[in-house]
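**Student:** Below is the file coords-v2.pdb, with PDB, C-alpha atoms.
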ATOM      1  CA  MET A   1     108.789-167.227  82.827
ATOM      2  CA  LYS A   2     105.568-165.858  81.360
ATOM      3  CA  GLN A   3     103.974-162.683  82.725
ATOM      4  CA  SER A   4     100.441-163.135  84.099
ATOM      5  CA  ARG A   5      97.542-161.120  82.696
ATOM      6  CA  THR A   6      97.204-159.350  86.043
ATOM      7  CA  MET A   7     100.842-158.285  86.049
ATOM      8  CA  SER A   8     100.546-157.186  82.407
ATOM      9  CA  MET A   9      97.644-154.933  83.430
ATOM     10  CA  VAL A  10      99.589-153.595  86.436
ATOM     11  CA  GLU A  11     102.545-152.842  84.153
ATOM     12  CA  ALA A  12     100.323-151.096  81.590
ATOM     13  CA  ILE A  13      98.657-148.937  84.269
ATOM     14  CA  ALA A  14     102.025-148.045  85.806
ATOM     15  CA  ASN A  15     103.378-147.145  82.365
ATOM     16  CA  VAL A  16     100.434-144.834  81.664
ATOM     17  CA  ALA A  17     100.601-143.217  85.116
ATOM     18  CA  VAL A  18     104.331-142.558  84.883
ATOM     19  CA  GLY A  19     103.953-141.249  81.318
ATOM     20  CA  TYR A  20     101.181-138.884  82.418
ATOM     21  CA  GLY A  21     103.307-137.552  85.270
ATOM     22  CA  ILE A  22     106.285-137.031  82.970
ATOM     23  CA  ALA A  23     104.111-135.272  80.366
ATOM     24  CA  VAL A  24     102.621-132.854  82.897
ATOM     25  CA  GLY A  25     105.988-132.200  84.573
ATOM     26  CA  THR A  26     107.638-131.560  81.223
ATOM     27  CA  GLN A  27     104.880-129.143  80.201
ATOM     28  CA  ILE A  28     105.241-127.210  83.462
ATOM     29  CA  LEU A  29     109.000-126.900  82.942
ATOM     30  CA  ILE A  30     109.148-126.361  79.171
ATOM     31  CA  PHE A  31     106.082-124.299  78.252
ATOM     32  CA  PRO A  32     107.333-121.099  79.971
ATOM     33  CA  ILE A  33     110.590-121.316  77.985
ATOM     34  CA  PHE A  34     108.463-120.907  74.853
ATOM     35  CA  GLY A  35     106.327-118.137  76.340
ATOM     36  CA  LEU A  36     103.362-120.393  77.064
ATOM     37  CA  HIS A  37     101.845-119.787  80.478
ATOM     38  CA  THR A  38      99.241-122.321  81.550
ATOM     39  CA  THR A  39      97.523-123.191  84.789
ATOM     40  CA  LEU A  40      98.004-126.509  86.557
ATOM     41  CA  ALA A  41      94.472-127.502  85.529
ATOM     42  CA  GLN A  42      95.278-126.793  81.870
ATOM     43  CA  ASN A  43      98.494-128.827  82.125
ATOM     44  CA  LEU A  44      96.607-131.736  83.681
ATOM     45  CA  LYS A  45      93.998-131.653  80.888
ATOM     46  CA  MET A  46      96.622-131.456  78.128
ATOM     47  CA  GLY A  47      98.553-134.286  79.767
ATOM     48  CA  ALA A  48      95.388-136.388  79.735
ATOM     49  CA  VAL A  49      94.866-135.733  76.012
ATOM     50  CA  PHE A  50      98.488-136.617  75.225
ATOM     51  CA  THR A  51      98.150-139.780  77.310
ATOM     52  CA  VAL A  52      95.031-140.943  75.437
ATOM     53  CA  VAL A  53      96.753-140.267  72.097
ATOM     54  CA  SER A  54      99.827-142.191  73.276
ATOM     55  CA  ILE A  55      97.749-145.204  74.350
ATOM     56  CA  ALA A  56      95.937-145.249  70.996
ATOM     57  CA  ARG A  57      99.242-144.966  69.091
ATOM     58  CA  SER A  58     100.806-147.766  71.103
ATOM     59  CA  PHE A  59      97.795-150.042  70.623
ATOM     60  CA  LEU A  60      97.586-149.427  66.876
ATOM     61  CA  LEU A  61     101.296-150.034  66.358
ATOM     62  CA  ARG A  62     101.155-153.220  68.408
ATOM     63  CA  ARG A  63      98.236-154.514  66.317
ATOM     64  CA  LEU A  64     100.020-153.521  63.079
ATOM     65  CA  PHE A  65     103.169-155.405  64.024
ATOM     66  CA  GLU A  66     101.115-158.410  65.111
ATOM     67  CA  ALA A  67      99.365-158.407  61.712
ATOM     68  CA  ILE A  68     102.757-158.225  59.984
ATOM     69  CA  ARG A  69     104.029-161.113  62.106
ATOM     70  CA  ILE A  70     100.993-163.268  61.273
ATOM     71  CA  ARG A  71     101.178-162.405  57.578
ATOM     72  CA  SER A  72     104.868-163.332  57.395
ATOM     73  CA  GLY A  73     104.134-166.678  59.051
ATOM     74  CA  SER A  74     106.489-166.225  62.004
TER      75      SER A  74
END
I'd like the structure from this file rewritten - as structure tokens, please.
**Tutor:**
Amino acid sequence: MKQSRTMSMVEAIANVAVGYGIAVGTQILIFPIFGLHTTLAQNLKMGAVFTVVSIARSFLLRRLFEAIRIRSGS
């Protein structure tokens, strides 16, 4: 069964939201171990930056692999 465009968008949004939450939670837990003390607002901002970078990385890799697939004739 093929996934609809709507469900693909829902999945992508859920993936980004969960990733953002994990990034911020990890920062809150891990940063103090390394002597980094940040506010919640700073953690939220850094999480947003990491999320944007992750989305761009994922998109670029997906396009690269699609170009490779097309070039190989598969």
**Student:** Evaluated on this file, the PyMOL selection byres ((chain A and resi 55) around 12) picks out some residues - which ones are they, written as a PyMOL selection string?
**Tutor:** chain A and resi 12-13+15-17+19-20+48-54+56-62
**Student:** Work out how far atom CA of Val18 of chain A is from atom CA of Lys45 of chain A, in Å to one decimal.
**Tutor:**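 These atoms are spaced 15.5 Å apart.
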**Student:** Excluding same-chain residues fewer than 3 positions from segment 21-32 of chain A, what lies within 8 Å of it counting all atoms listed in the file, as a PyMOL selection string?
**Tutor:** chain A and resi 17-18+35-38+40+43-44+46-47+50
**Student:** Separation of atom CA of Ser4 of chain A and atom CA of Phe65 of chain A, in Å?
**Tutor:**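 Taking atom CA of Ser4 of chain A as the start and atom CA of Phe65 of chain A as the end point, the length is 21.7 Å.
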**Student:** Report, in Å with one decimal, the straight-line distance from atom CA of Arg5 of chain A to atom CA of Glu66 of chain A.
**Tutor:** 18.1 Å
